[in-house]
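Okay, structure first, notes after.
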Amino acid sequence: MSKRTSAGAKAVKTEDVVVDKQTTLLSEETGHFSLIRALHLADLITELNGLCGVLSIFSSMRYMAGAPGELGNLWAALVFMPLGLFFDFFDGKVARWRRKSSLMGQELDSLADLISFGVSPAAAAFAIGFRTPADHLILAFFVLCGLTRLARFNVTVANVPKDATGKSAYFEGTPIPTTLSIVGLMAYWVGQGWVHGELPLGTLLTGSLGEFHPVLGLFVVSGCLMTNSYKGSTPPQHSTAQQDGRGHPRAPPARPRRDPRVAAPVMRVMPDDNSCLFRAFAAAVLPGDDLSMLELRSLVASQIQEEPDVYTKVVLDNREPDDYCRWIQTEEAWGGAIELAILSKHFNVE
């Protein structure tokens, strides 16, 4: 077994301190503005995503309160949404760069996404003319699909395998920011002057209680795609620790060949990184590649989730189970007695 690097140990120790500090600030009486002081830099960037969504909704409302021909506020509503996407992308980068993540940050991210990519597009659609009672139901269905998709993500994210950077290896249903494709289409309609009575495809069941705009089928399709069980893969990410000097992904260590006719022990040298335990176990039990290590980390997280009475906060080094599951699936997390016990029991080896 290789020796852990001091840099890796320092990173883990720093993360432990950060998590404990935020937990303390959120759960105890620690003075005024403890909630604000508990926010990480990435959390503040996530708040900017939510701010963009709120400003988009306000801009849609301002447009409806003015003359229909004055499109300035409507354009502002449409522009704030992709600006929110920038902050949504940037907060994850900052969290991984600073190695600071939290359950609160995860919840903030989902809530901000719901505002910016769920409620805001529906509000903009209402503003440009989708205002029949049936239209309201369709737009409400769209928003609720986004809400359900984000709730499922928060519940299952701890059990999803992660890549080397800590990002999920796949997603269930289309991510809610994909609704910006509809926002782009609405921007085109506004540019062409196709608003209110000039909306594409007109209406069906005109004059009845069920009157609706068939083009809103785009929102129905988007909502259904967000809530289906399709598992889409995310682009592979490679950290600098897994790259060579030219920035190319470093190949996993080669497995030594041996003569099958000779029974002899084989020594394998494992890289001195925080994955040494998982790499060694994978080399002995599974194909010794990076994917196997990710699977082992995910297996550990799943087992902890399935046995909350066994793997309590006391057992998990004073960490909340959900937080521990997210941490153990990142490259910076090193395995110990807990992980070895779970893997040994699962594969029935000693």
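We name chains A, B, ... following the order of the structure tokens; residues begin at 1 in each chain, and ligands are numbered from 1 as shown.
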
Stretch 310-320 of chain A environment, 8 Å, only C-alpha atoms, sequence neighbours closer than 4 positions dropped, as a PDB file with C-alpha atoms, in the first residue's frame:
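Just written: out.pdb:
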ATOM      1  CA  ILE A 304     -23.614   3.634   3.371  1.00  0.00           C
ATOM      2  CA  TYR A 324     -19.536  11.510   3.413  1.00  0.00           C
ATOM      3  CA  ILE A 338     -14.641   1.818   6.533  1.00  0.00           C
TER       4      ILE A 338
END

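Comparing the minimum interatomic distances between A:Ser60 and each of A:Val79, A:Ala127, A:Gly84, A:Ala95, counting only C-alpha atoms, we find that A:Ala127 sits nearest.
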
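Around A:His196, within 9 Å and counting only C-alpha atoms, the residues found are Pro68, Ala127, Ile128, Gly129, Phe130 and Arg131 of chain A, once anything fewer than 4 positions away on its own chain is removed.
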
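With atom CA of A:Pro82 on one side and atom CA of A:Leu108 on the other, the separation reads 18.0 Å.
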
Quick check for you: according to DSSP on this backbone, which residues of stretch 20-195 of chain A are classed as helix (DSSP H, G or I)? Reply as number ranges by chain.
A: 20-27, 34-38, 41-65, 72-98, 103-128, 133-159, 176-192

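Interatomic distance, atom CA of A:Thr156 to atom CA of A:Gln305: 10.1 Å.
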
May I ask for the distance between atom CA of A:Pro175 and atom CA of A:Arg149, given in Å to one decimal place?
8.0 Å

Excluding A:Gly53 and residues on its chain fewer than 2 positions from it, collect all residues at most 7 Å away from it, counting only C-alpha atoms, and give them as a PDB file with C-alpha atoms, in the first residue's frame.
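out.pdb written:
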ATOM      1  CA  ASN A  49     -27.717  32.656 -10.724  1.00  0.00           C
ATOM      2  CA  GLY A  50     -30.888  32.943  -8.661  1.00  0.00           C
ATOM      3  CA  LEU A  51     -30.718  36.734  -8.887  1.00  0.00           C
ATOM      4  CA  LEU A  55     -34.649  39.794 -12.426  1.00  0.00           C
ATOM      5  CA  SER A  56     -35.877  37.936 -15.507  1.00  0.00           C
ATOM      6  CA  ILE A  57     -39.274  37.392 -13.882  1.00  0.00           C
ATOM      7  CA  PHE A  80     -31.047  37.356 -17.845  1.00  0.00           C
ATOM      8  CA  MET A  81     -31.654  33.609 -18.267  1.00  0.00           C
ATOM      9  CA  GLY A  84     -27.800  32.831 -15.050  1.00  0.00           C
ATOM     10  CA  ILE A 115     -35.951  29.970 -10.745  1.00  0.00           C
ATOM     11  CA  SER A 116     -33.659  30.742 -13.688  1.00  0.00           C
ATOM     12  CA  SER A 120     -38.331  32.386 -15.668  1.00  0.00           C
TER      13      SER A 120
END

For A:Leu144, which of A:Gln106, A:Thr227, A:Ser59, A:Asn73 is the closest residue, counting only C-alpha atoms?
A:Thr227

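Minimum atom-to-atom distances from A:Leu147, A:Met64, A:Asp91, A:Val155 to A:Leu114 were compared using only C-alpha atoms, and the lowest value belongs to A:Leu147.
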
Please determine, counting only C-alpha atoms, which residue among A:Leu216, A:Phe86, A:Glu307, A:Ala124 has the shortest atom-to-atom distance to A:Tyr63.
A:Ala124
